[in-house]
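So this one's final37.csv, CSV, C-alpha atoms:
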```csv
chain,number,residue,atom,x,y,z
M,141,MET,CA,91.4,105.5,128.4
M,142,SER,CA,92.9,107.5,131.2
M,143,ALA,CA,94.1,111.0,130.6
M,144,ALA,CA,97.5,110.2,132.2
M,145,PHE,CA,98.1,107.3,129.8
M,146,GLU,CA,97.0,109.3,126.8
M,147,THR,CA,99.3,112.2,127.6
M,148,ARG,CA,102.2,109.8,128.1
M,149,THR,CA,101.7,108.0,124.8
M,150,ASP,CA,101.0,111.2,122.9
M,151,ALA,CA,104.4,112.5,123.9
M,152,ILE,CA,106.2,109.5,122.2
M,153,THR,CA,106.6,109.9,118.5
M,154,ALA,CA,108.8,106.9,117.9
M,155,SER,CA,109.6,103.9,119.9
M,156,THR,CA,112.9,103.5,121.7
M,157,GLY,CA,111.9,100.0,123.1
M,158,GLU,CA,114.6,97.4,123.4
M,159,ALA,CA,114.3,93.7,122.6
M,160,ARG,CA,113.8,93.0,126.3
M,161,ASP,CA,110.7,95.3,126.3
M,162,PHE,CA,109.2,93.3,123.4
M,163,PHE,CA,110.1,90.1,125.2
M,164,ALA,CA,108.3,91.5,128.4
M,165,LEU,CA,105.2,92.0,126.3
M,166,LEU,CA,105.0,88.2,125.9
M,167,LYS,CA,104.6,87.7,129.7
M,168,PRO,CA,107.5,85.3,129.9
M,169,ARG,CA,106.4,83.9,133.3
M,170,VAL,CA,103.0,82.9,131.9
M,171,MET,CA,104.7,81.6,128.9
M,172,SER,CA,106.9,79.3,131.0
M,173,LEU,CA,103.8,77.9,132.7
M,174,VAL,CA,102.2,77.3,129.3
M,175,VAL,CA,105.3,75.5,128.1
M,176,VAL,CA,105.2,73.2,131.2
M,177,THR,CA,101.4,72.5,130.9
M,178,ALA,CA,101.5,72.0,127.1
M,179,LEU,CA,104.5,69.7,127.4
M,180,THR,CA,102.6,67.7,130.1
M,181,GLY,CA,99.7,67.4,127.6
M,182,MET,CA,102.2,66.0,125.0
M,183,MET,CA,103.9,63.7,127.4
M,184,THR,CA,100.8,62.1,128.9
M,185,ALA,CA,99.2,61.6,125.4
M,186,PRO,CA,99.5,58.3,123.7
M,187,GLY,CA,101.7,58.2,120.6
M,188,SER,CA,105.0,59.8,119.8
M,189,VAL,CA,106.4,62.6,117.7
M,190,HIS,CA,109.9,63.4,116.4
M,191,PRO,CA,111.8,65.3,119.1
M,192,VAL,CA,112.6,68.2,116.8
M,193,LEU,CA,108.9,68.5,115.7
M,194,GLY,CA,107.8,68.2,119.3
M,195,PHE,CA,110.1,71.0,120.3
M,196,ALA,CA,109.0,73.1,117.4
M,197,ALA,CA,105.3,72.6,118.3
M,198,LEU,CA,106.0,73.6,121.9
M,199,LEU,CA,107.8,76.7,120.7
M,200,ALA,CA,104.8,77.6,118.5
M,201,ILE,CA,102.4,77.1,121.4
M,202,ALA,CA,104.7,79.2,123.7
M,203,VAL,CA,104.9,82.0,121.1
M,204,GLY,CA,101.1,81.9,120.6
M,205,ALA,CA,100.6,82.2,124.4
M,206,GLY,CA,103.1,85.1,124.4
M,207,ALA,CA,101.2,86.8,121.5
M,208,SER,CA,97.9,86.6,123.5
M,209,GLY,CA,99.7,88.2,126.5
M,210,CYS,CA,101.0,90.9,124.2
M,211,LEU,CA,97.5,91.6,122.8
M,212,ASN,CA,96.3,91.7,126.4
M,213,MET,CA,98.9,94.3,127.4
M,214,TRP,CA,98.0,96.3,124.3
M,215,TYR,CA,94.3,96.4,125.2
M,216,ASP,CA,94.8,96.9,128.9
M,217,ALA,CA,97.5,99.6,128.7
M,218,ASP,CA,95.1,102.2,130.1
M,219,ILE,CA,94.2,100.3,133.2
M,220,ASP,CA,97.8,98.9,133.6
M,221,ALA,CA,99.0,102.5,134.0
M,222,LEU,CA,96.7,102.9,137.0
M,223,MET,CA,97.9,99.9,139.0
M,224,THR,CA,101.1,99.7,140.9
M,225,ARG,CA,101.7,96.1,139.9
M,226,THR,CA,101.5,96.8,136.2
M,227,ALA,CA,102.4,100.5,135.7
M,228,LYS,CA,106.0,99.6,134.8
M,229,ARG,CA,105.0,97.4,131.9
M,230,PRO,CA,106.5,98.5,128.5
M,231,ILE,CA,103.4,100.3,127.1
M,232,PRO,CA,102.2,102.3,130.2
M,233,ALA,CA,105.9,103.1,130.9
M,234,GLY,CA,106.2,104.6,127.4
M,235,ARG,CA,108.9,102.3,126.1
M,236,VAL,CA,106.8,100.6,123.5
M,237,LEU,CA,104.0,102.3,121.4
M,238,PRO,CA,100.5,100.7,121.6
M,239,SER,CA,100.5,100.4,117.8
M,240,GLU,CA,103.8,98.5,117.9
M,241,ALA,CA,102.5,96.1,120.5
M,242,LEU,CA,99.4,95.5,118.5
M,243,ALA,CA,101.4,94.7,115.3
M,244,PHE,CA,103.8,92.5,117.3
M,245,GLY,CA,101.0,90.6,119.0
M,246,LEU,CA,99.0,90.1,115.8
M,247,THR,CA,102.1,89.0,113.8
M,248,LEU,CA,103.1,86.5,116.4
M,249,SER,CA,99.5,85.2,116.7
M,250,VAL,CA,99.2,84.5,113.0
M,251,GLY,CA,102.7,83.2,112.7
M,252,SER,CA,102.5,80.8,115.6
M,253,VAL,CA,99.1,79.3,114.5
M,254,LEU,CA,100.4,78.8,110.9
M,255,VAL,CA,103.6,77.2,112.1
M,256,LEU,CA,101.7,74.9,114.4
M,257,GLY,CA,99.4,73.9,111.6
M,258,LEU,CA,102.3,73.1,109.3
M,259,ILE,CA,104.3,71.1,111.8
M,260,ALA,CA,101.5,69.4,113.7
M,261,ASN,CA,97.9,69.4,112.5
M,262,ALA,CA,94.9,71.6,111.9
M,263,LEU,CA,93.2,70.7,115.2
M,264,ALA,CA,96.2,71.8,117.3
M,265,ALA,CA,96.5,75.0,115.2
M,266,ALA,CA,92.7,75.8,115.5
M,267,MET,CA,93.0,75.2,119.3
M,268,LEU,CA,95.9,77.6,119.6
M,269,ALA,CA,94.0,80.2,117.5
M,270,PHE,CA,90.9,79.8,119.8
M,271,THR,CA,93.1,80.1,122.9
M,272,ILE,CA,94.6,83.4,121.7
M,273,PHE,CA,91.1,84.6,120.7
M,274,PHE,CA,89.7,83.6,124.1
M,275,TYR,CA,92.4,85.3,126.1
M,276,ALA,CA,92.8,88.5,124.0
M,277,VAL,CA,89.1,89.0,123.1
M,278,VAL,CA,86.8,87.1,125.4
M,279,TYR,CA,88.8,87.6,128.6
M,280,SER,CA,90.7,90.9,128.0
M,281,MET,CA,88.2,92.9,126.0
M,282,TRP,CA,84.9,91.5,127.5
M,283,LEU,CA,85.0,89.6,130.8
M,284,LYS,CA,87.8,91.4,132.6
M,285,ARG,CA,86.0,94.7,132.9
M,286,TRP,CA,82.5,93.3,133.1
M,287,THR,CA,82.1,90.5,135.6
M,288,PRO,CA,83.7,89.3,138.9
M,289,GLN,CA,83.7,85.8,137.2
M,290,ASN,CA,86.3,87.2,134.8
M,291,ILE,CA,89.2,85.1,135.9
M,292,VAL,CA,87.0,82.0,136.4
M,293,ILE,CA,85.8,81.9,132.8
M,294,GLY,CA,89.0,83.5,131.5
M,295,GLY,CA,90.9,80.8,133.3
M,296,ALA,CA,89.9,78.4,130.5
M,297,ALA,CA,92.4,80.2,128.3
M,298,GLY,CA,95.2,79.2,130.6
M,299,ALA,CA,93.8,75.7,130.8
M,300,PHE,CA,93.8,74.9,127.1
M,301,PRO,CA,97.6,74.3,126.5
M,302,PRO,CA,97.5,70.6,127.7
M,303,MET,CA,94.7,70.0,125.2
M,304,ILE,CA,96.7,71.6,122.5
M,305,GLY,CA,99.7,69.4,123.5
M,306,GLU,CA,97.6,66.3,123.2
M,307,ALA,CA,96.2,67.5,119.9
M,308,VAL,CA,99.8,67.9,118.6
M,309,MET,CA,100.5,64.2,119.5
M,310,THR,CA,97.2,62.5,118.5
M,311,GLY,CA,95.3,64.9,116.4
M,312,ASN,CA,92.5,64.6,119.0
M,313,PHE,CA,91.5,65.2,122.6
M,314,GLY,CA,91.3,62.6,125.3
M,315,SER,CA,90.4,62.2,128.9
M,316,HIS,CA,94.0,62.9,130.0
M,317,SER,CA,94.2,66.4,128.7
M,318,LEU,CA,90.6,67.1,129.9
M,319,VAL,CA,91.7,66.3,133.5
M,320,LEU,CA,94.7,68.5,133.1
M,321,PHE,CA,92.4,71.2,131.8
M,322,ALA,CA,90.2,70.8,134.9
M,323,ILE,CA,93.1,71.1,137.3
M,324,ILE,CA,94.3,74.4,135.8
M,325,PHE,CA,90.7,75.7,135.5
M,326,LEU,CA,90.0,75.0,139.2
M,327,TRP,CA,93.4,76.3,140.3
M,328,THR,CA,93.0,79.7,138.7
M,329,PRO,CA,90.4,81.2,141.1
M,330,PRO,CA,92.2,80.5,144.4
M,331,HIS,CA,95.5,81.6,142.7
M,332,PHE,CA,94.2,85.0,141.3
M,333,TRP,CA,91.8,85.8,144.2
M,334,ALA,CA,94.6,85.4,146.7
M,335,LEU,CA,96.4,88.2,144.9
M,336,ALA,CA,93.2,90.2,144.3
M,337,LEU,CA,92.6,90.2,148.1
M,338,VAL,CA,95.9,92.1,148.6
M,339,LYS,CA,95.6,94.3,145.5
M,340,SER,CA,91.9,95.1,145.7
M,341,GLY,CA,92.8,98.9,146.0
M,342,ASP,CA,94.7,98.6,142.7
M,343,TYR,CA,91.8,96.9,141.0
M,344,ALA,CA,89.3,99.4,142.4
M,345,ARG,CA,91.3,102.3,141.1
M,346,ALA,CA,91.3,100.7,137.7
M,347,GLY,CA,87.6,99.9,137.8
M,348,ILE,CA,88.1,96.1,137.4
M,349,PRO,CA,85.3,94.2,139.0
M,350,MET,CA,87.4,91.6,140.8
M,351,MET,CA,85.7,89.3,143.3
M,352,PRO,CA,86.9,91.0,146.5
M,353,ASN,CA,85.8,94.4,145.1
M,354,VAL,CA,82.3,93.2,144.1
M,355,ALA,CA,81.4,90.4,146.5
M,356,GLY,CA,83.7,91.5,149.3
M,357,PRO,CA,86.7,89.9,150.9
M,358,ALA,CA,84.7,87.5,153.1
M,359,ALA,CA,82.8,85.9,150.1
M,360,THR,CA,86.1,85.8,148.2
M,361,ARG,CA,87.8,83.9,151.0
M,362,ARG,CA,84.9,81.4,151.2
M,363,GLN,CA,85.1,80.8,147.5
M,364,ILE,CA,88.9,80.4,147.6
M,365,VAL,CA,88.4,77.6,150.2
M,366,LEU,CA,85.6,76.0,148.1
M,367,TYR,CA,87.6,76.0,144.9
M,368,SER,CA,90.6,74.5,146.7
M,369,LEU,CA,88.5,71.8,148.2
M,370,VAL,CA,87.3,70.8,144.7
M,371,MET,CA,90.7,71.3,143.0
M,372,ALA,CA,92.8,69.2,145.3
M,373,PRO,CA,90.9,65.9,144.7
M,374,VAL,CA,90.7,66.6,141.0
M,375,ALA,CA,94.5,67.0,141.0
M,376,VAL,CA,94.8,63.4,142.2
M,377,LEU,CA,92.8,62.0,139.3
M,378,PRO,CA,95.9,61.5,137.0
M,379,ALA,CA,97.2,58.9,139.5
M,380,LEU,CA,93.8,57.1,139.6
M,381,MET,CA,93.5,57.2,135.8
M,382,GLY,CA,96.9,55.6,135.3
M,383,PHE,CA,98.9,58.5,133.7
M,384,GLY,CA,100.4,59.6,137.0
M,385,GLY,CA,102.4,57.2,139.1
M,386,LEU,CA,103.3,56.8,142.7
M,387,ILE,CA,105.4,59.9,142.9
M,388,TYR,CA,102.5,61.9,141.4
M,389,LEU,CA,100.1,60.4,144.0
M,390,VAL,CA,102.3,61.4,146.9
M,391,VAL,CA,103.1,64.9,145.5
M,392,SER,CA,99.5,65.7,144.5
M,393,VAL,CA,98.0,64.5,147.9
M,394,THR,CA,100.6,66.4,150.1
M,395,THR,CA,100.7,69.6,148.1
M,396,GLY,CA,96.9,69.5,147.6
M,397,LEU,CA,96.5,69.3,151.4
M,398,ALA,CA,98.9,72.2,151.7
M,399,MET,CA,96.8,74.2,149.3
M,400,ILE,CA,93.7,73.5,151.3
M,401,GLY,CA,95.6,74.4,154.5
M,402,LEU,CA,96.8,77.7,153.1
M,403,SER,CA,93.3,78.5,151.8
M,404,LEU,CA,91.9,77.9,155.2
M,405,ARG,CA,94.5,80.2,156.7
M,406,VAL,CA,93.4,82.9,154.2
M,407,TRP,CA,89.8,82.3,155.3
M,408,ARG,CA,90.7,82.6,159.0
M,409,ARG,CA,93.1,85.5,158.9
M,410,THR,CA,91.0,88.5,157.8
M,411,GLU,CA,92.7,91.5,159.3
M,412,GLY,CA,96.0,93.4,158.9
M,413,GLN,CA,99.4,92.0,158.1
M,414,PRO,CA,98.6,88.4,159.0
M,415,ALA,CA,95.8,88.5,156.3
M,416,VAL,CA,98.2,89.9,153.7
M,417,LYS,CA,100.9,87.4,154.6
M,418,ALA,CA,98.4,84.5,154.3
M,419,ALA,CA,97.2,85.7,150.9
M,420,TYR,CA,100.7,86.1,149.6
M,421,SER,CA,101.6,82.6,150.9
M,422,LEU,CA,98.7,81.0,149.1
M,423,PHE,CA,99.5,83.0,145.9
M,424,GLY,CA,103.2,82.0,146.0
M,425,PHE,CA,102.5,78.4,146.8
M,426,SER,CA,99.8,78.0,144.2
M,427,ILE,CA,102.4,78.7,141.5
M,428,LEU,CA,104.8,76.1,143.0
M,429,TYR,CA,101.9,73.7,143.3
M,430,LEU,CA,100.9,73.8,139.6
M,431,PHE,CA,104.5,73.6,138.5
M,432,LEU,CA,105.2,70.6,140.7
M,433,LEU,CA,102.2,68.6,139.6
M,434,PHE,CA,102.9,69.1,136.0
M,435,ALA,CA,106.7,68.7,136.3
M,436,VAL,CA,106.2,65.3,138.1
M,437,LEU,CA,103.9,64.1,135.3
M,438,ILE,CA,106.6,65.1,132.7
M,439,VAL,CA,109.3,63.3,134.7
M,440,GLU,CA,107.2,60.2,135.2
M,441,ASN,CA,105.9,59.9,131.6
M,442,GLY,CA,109.0,61.3,129.8
M,443,PHE,CA,111.9,59.8,131.7
M,444,GLY,CA,110.6,56.3,132.5
M,445,LEU,CA,110.2,57.0,136.2
M,446,MET,CA,106.6,55.8,136.4
M,447,TRP,CA,105.8,53.4,139.3
M,448,ALA,CA,102.4,52.7,138.0
M,449,LEU,CA,99.5,52.3,140.4
M,450,PRO,CA,96.4,50.1,139.8
M,451,LYS,CA,94.1,51.9,137.4
M,452,VAL,CA,91.0,53.0,139.3
M,453,LEU,CA,89.3,55.3,136.8
M,454,GLY,CA,89.2,55.9,133.0
G,246,MET,CA,96.8,128.4,105.8
G,247,SER,CA,94.3,125.6,106.4
G,248,GLU,CA,94.7,123.2,109.3
G,249,GLN,CA,96.0,120.5,107.0
G,250,GLN,CA,98.7,122.6,105.4
G,251,LYS,CA,100.2,123.7,108.7
G,252,PRO,CA,103.8,122.4,108.9
G,253,GLN,CA,104.1,119.7,111.5
G,254,PRO,CA,106.7,120.3,114.3
G,255,ALA,CA,109.8,118.3,113.6
G,256,PRO,CA,110.0,115.2,115.8
G,257,ALA,CA,112.6,115.4,118.5
G,258,PRO,CA,115.8,113.9,117.3
G,259,PHE,CA,116.9,110.6,118.9
G,260,SER,CA,119.5,110.9,121.6
G,261,PRO,CA,122.6,108.8,121.3
G,262,GLU,CA,121.1,106.5,124.0
G,263,ASP,CA,117.9,106.1,122.0
G,264,MET,CA,120.0,105.3,118.9
G,265,ALA,CA,122.0,102.7,120.8
G,266,ARG,CA,118.7,101.1,122.1
G,267,ARG,CA,117.3,101.0,118.5
G,268,ARG,CA,120.5,99.5,117.2
G,269,ARG,CA,120.4,96.8,119.9
G,270,ARG,CA,116.8,96.1,118.9
G,271,SER,CA,117.7,95.8,115.2
G,272,VAL,CA,120.5,93.3,116.1
G,273,ALA,CA,118.1,91.3,118.1
G,274,LEU,CA,115.6,91.3,115.3
G,275,ALA,CA,118.3,90.1,112.8
G,276,LEU,CA,119.2,87.3,115.2
G,277,VAL,CA,115.5,86.2,115.5
G,278,LEU,CA,115.1,86.2,111.7
G,279,GLY,CA,118.3,84.2,111.3
G,280,GLY,CA,117.1,81.8,113.9
G,281,LEU,CA,113.8,81.4,112.0
G,282,VAL,CA,115.6,80.6,108.8
G,283,ILE,CA,117.5,77.8,110.6
G,284,PHE,CA,114.3,76.7,112.4
G,285,PHE,CA,112.3,76.3,109.1
G,286,PHE,CA,115.2,74.6,107.4
G,287,VAL,CA,115.6,72.0,110.2
G,288,VAL,CA,111.8,71.4,110.5
G,289,THR,CA,111.5,71.0,106.7
G,290,LEU,CA,114.3,68.4,106.7
G,291,VAL,CA,112.7,66.5,109.6
G,292,LYS,CA,109.2,66.7,108.1
G,293,THR,CA,110.3,65.6,104.6
G,294,GLY,CA,112.9,63.1,105.8
G,295,PRO,CA,115.3,61.5,103.3
G,296,ALA,CA,112.8,62.3,100.5
G,297,VAL,CA,114.1,65.8,100.5
G,298,LEU,CA,117.0,64.5,98.3
G,299,ASN,CA,114.6,62.5,96.1
G,300,ARG,CA,113.9,64.7,93.2
G,301,PRO,CA,114.2,64.2,89.4
G,302,LEU,CA,117.4,65.4,87.9
```
Let me see whether you can do it: turn the structure in this file into structure tokens.
Amino acid sequence: MSAAFETRTDAITASTGEARDFFALLKPRVMSLVVVTALTGMMTAPGSVHPVLGFAALLAIAVGAGASGCLNMWYDADIDALMTRTAKRPIPAGRVLPSEALAFGLTLSVGSVLVLGLIANALAAAMLAFTIFFYAVVYSMWLKRWTPQNIVIGGAAGAFPPMIGEAVMTGNFGSHSLVLFAIIFLWTPPHFWALALVKSGDYARAGIPMMPNVAGPAATRRQIVLYSLVMAPVAVLPALMGFGGLIYLVVSVTTGLAMIGLSLRVWRRTEGQPAVKAAYSLFGFSILYLFLLFAVLIVENGFGLMWALPKVLG
Amino acid sequence: MSEQQKPQPAPAPFSPEDMARRRRRSVALALVLGGLVIFFFVVTLVKTGPAVLNRPL
């Protein structure tokens, strides 16, 4: 733990954090992505559930995801204090005590898993518990500071929500949520490495072995292109398997090509401001890309807007 | 006097701004708890269905 961080937290004897600081501990932007992906898992699964229970299950999944984000911020407070991107987070900024964040994260973790078990089923609850464990322990405490493959393996934690969504609906997993898992899993490296290329100084200062710091920017750029080339076709699978319609086919193909194009731009532009701009463009678009794919699946499956295509696979 | 018996320095008192922030946090917590009560009530009704009224007199 850094000396600067210890001095700052030692000076605080009681917390003066506001509700919004505790809300920030839940990583609301990540939570919103989890809500969208879990809802997609629910919408594309066979079967139905009472809307109130569906909403309650989604809330429990979102709170569970937030709890894992809170535990991540608790554990990473020392390195967050060293990076410009994260130094203003509630714990390194001294607005919330580490012990408060730990208690908050653990309480929400246990609560969300119990609630999901009561309103849905044991499998969904177990999946949520495993996801929290995977993100807070396997990724945050182990992988993140140990291997440049941290966000590749850790990306599984972000990819589980559609499977939890399907488990809520059916009490089981099927091919639909596995494909959704694969899309998020393959999307994570190009998304994070685009940011890591720009923020490699931050990560070096904090001692986090991100890919650009360990393998170098050139190898990272190559891997970004490779992952994008694999991810884009996988993202078309829902249309070929019959749970994505014509709109999904058009959106997944066009935005997939855009992702490949932006990745190639990151690969080509290696110096100065154009390189930074290319990396930020890919990072920003990748968020829109994932939101779009899953939002279209929700609209097609949930609002009867599915112009079905002939089923090719599955 | 041993190390353990030394009187601890009194913690710095909260400023009015700190107190206002803590008060706002307490109000938010009360609202969340109230929301949870309603949440569990509604979920119980939906899960149990009409059987919630079906009990021996």
Could you give me, as CSV, every chain G residue with an atom at most 12 Å from chain M, plus its closest atom pair and distance in Å to one decimal, counting only C-alpha atoms, rows ordered by chain then number?
```
residue,atom,partner,partner_atom,distance
G:Pro254,CA,M:Thr153,CA,11.2
G:Ala255,CA,M:Thr153,CA,10.2
G:Pro256,CA,M:Thr153,CA,6.9
G:Ala257,CA,M:Thr153,CA,8.1
G:Pro258,CA,M:Ala154,CA,9.9
G:Phe259,CA,M:Thr156,CA,8.6
G:Ser260,CA,M:Thr156,CA,9.9
G:Pro261,CA,M:Thr156,CA,11.1
G:Glu262,CA,M:Thr156,CA,9.0
G:Asp263,CA,M:Thr156,CA,5.6
G:Met264,CA,M:Thr156,CA,7.8
G:Ala265,CA,M:Thr156,CA,9.2
G:Arg266,CA,M:Glu158,CA,5.7
G:Arg267,CA,M:Thr156,CA,6.0
G:Arg268,CA,M:Glu158,CA,8.8
G:Arg269,CA,M:Glu158,CA,6.8
G:Arg270,CA,M:Ala159,CA,5.1
G:Ser271,CA,M:Ala159,CA,8.4
G:Val272,CA,M:Ala159,CA,9.0
G:Ala273,CA,M:Ala159,CA,6.4
G:Leu274,CA,M:Ala159,CA,7.8
G:Ala275,CA,M:Ala159,CA,11.2
G:Leu276,CA,M:Ala159,CA,10.9
G:Val277,CA,M:Ala159,CA,10.4
G:Leu281,CA,M:Ala196,CA,11.0
G:Ile283,CA,M:Ala196,CA,11.9
G:Phe284,CA,M:Ala196,CA,8.1
G:Phe285,CA,M:Val255,CA,9.2
G:Phe286,CA,M:Val192,CA,11.7
G:Val287,CA,M:Val192,CA,8.2
G:Val288,CA,M:Leu193,CA,6.6
G:Thr289,CA,M:Ile259,CA,8.8
G:Leu290,CA,M:Val192,CA,10.2
G:Val291,CA,M:Val192,CA,7.4
G:Lys292,CA,M:Ile259,CA,7.6
G:Thr293,CA,M:Ile259,CA,10.9
G:Gly294,CA,M:His190,CA,11.0
```
Check: Using only C-alpha atoms, can you list as number ranges by chain the residues within 12 Å of (85.5, 92.8, 131.0)?
Finding: M: 212, 215-216, 219, 275-291, 293-294, 346-350
Checklist line | Closest of M:Pro238, M:Pro301, M:Gly194, M:Pro357 to Gly341 in chain M - atom-to-atom distances counting all atoms listed in the file | finding: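 Ranking M:Pro238, M:Pro301, M:Gly194, M:Pro357 by distance to Gly341 in chain M, first place goes to M:Pro357.
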Next item on the list: Find the distance between CA of Gly181 in chain M and CA of Leu402 in chain M and write it in Å to one decimal.
Entry: 27.7 Å
Next item on the list: Work out how far apart CA of Phe244 in chain M and CA of Met223 in chain M are and give it in Å to one decimal.
Entry: 23.7 Å
Check: How far is it from CA of Ala185 in chain M to CA of Phe383 in chain M, in Å with one decimal?
Finding: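 Rounded to one decimal, the two atoms are 8.9 Å apart.
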Next item on the list: Anything within 10 Å of (90.9, 65.4, 131.0): list those residues as an MDAnalysis selection string, counting all atoms listed in the file and sticking to the file's coordinates.
Entry: chainID M and resid 181 302:303 313:323 377:378 381 454
Check: Using only C-alpha atoms, which of the listed residues (M:Ala164, M:Val292, M:Gly187, M:Leu386) sits closest to Ala241 in chain M?
Finding: M:Ala164
Item checked: Closest of M:Val250, M:Ile364, M:Met171, M:Leu369 to Gly206 in chain M - atom-to-atom distances counting only C-alpha atoms -> M:Met171
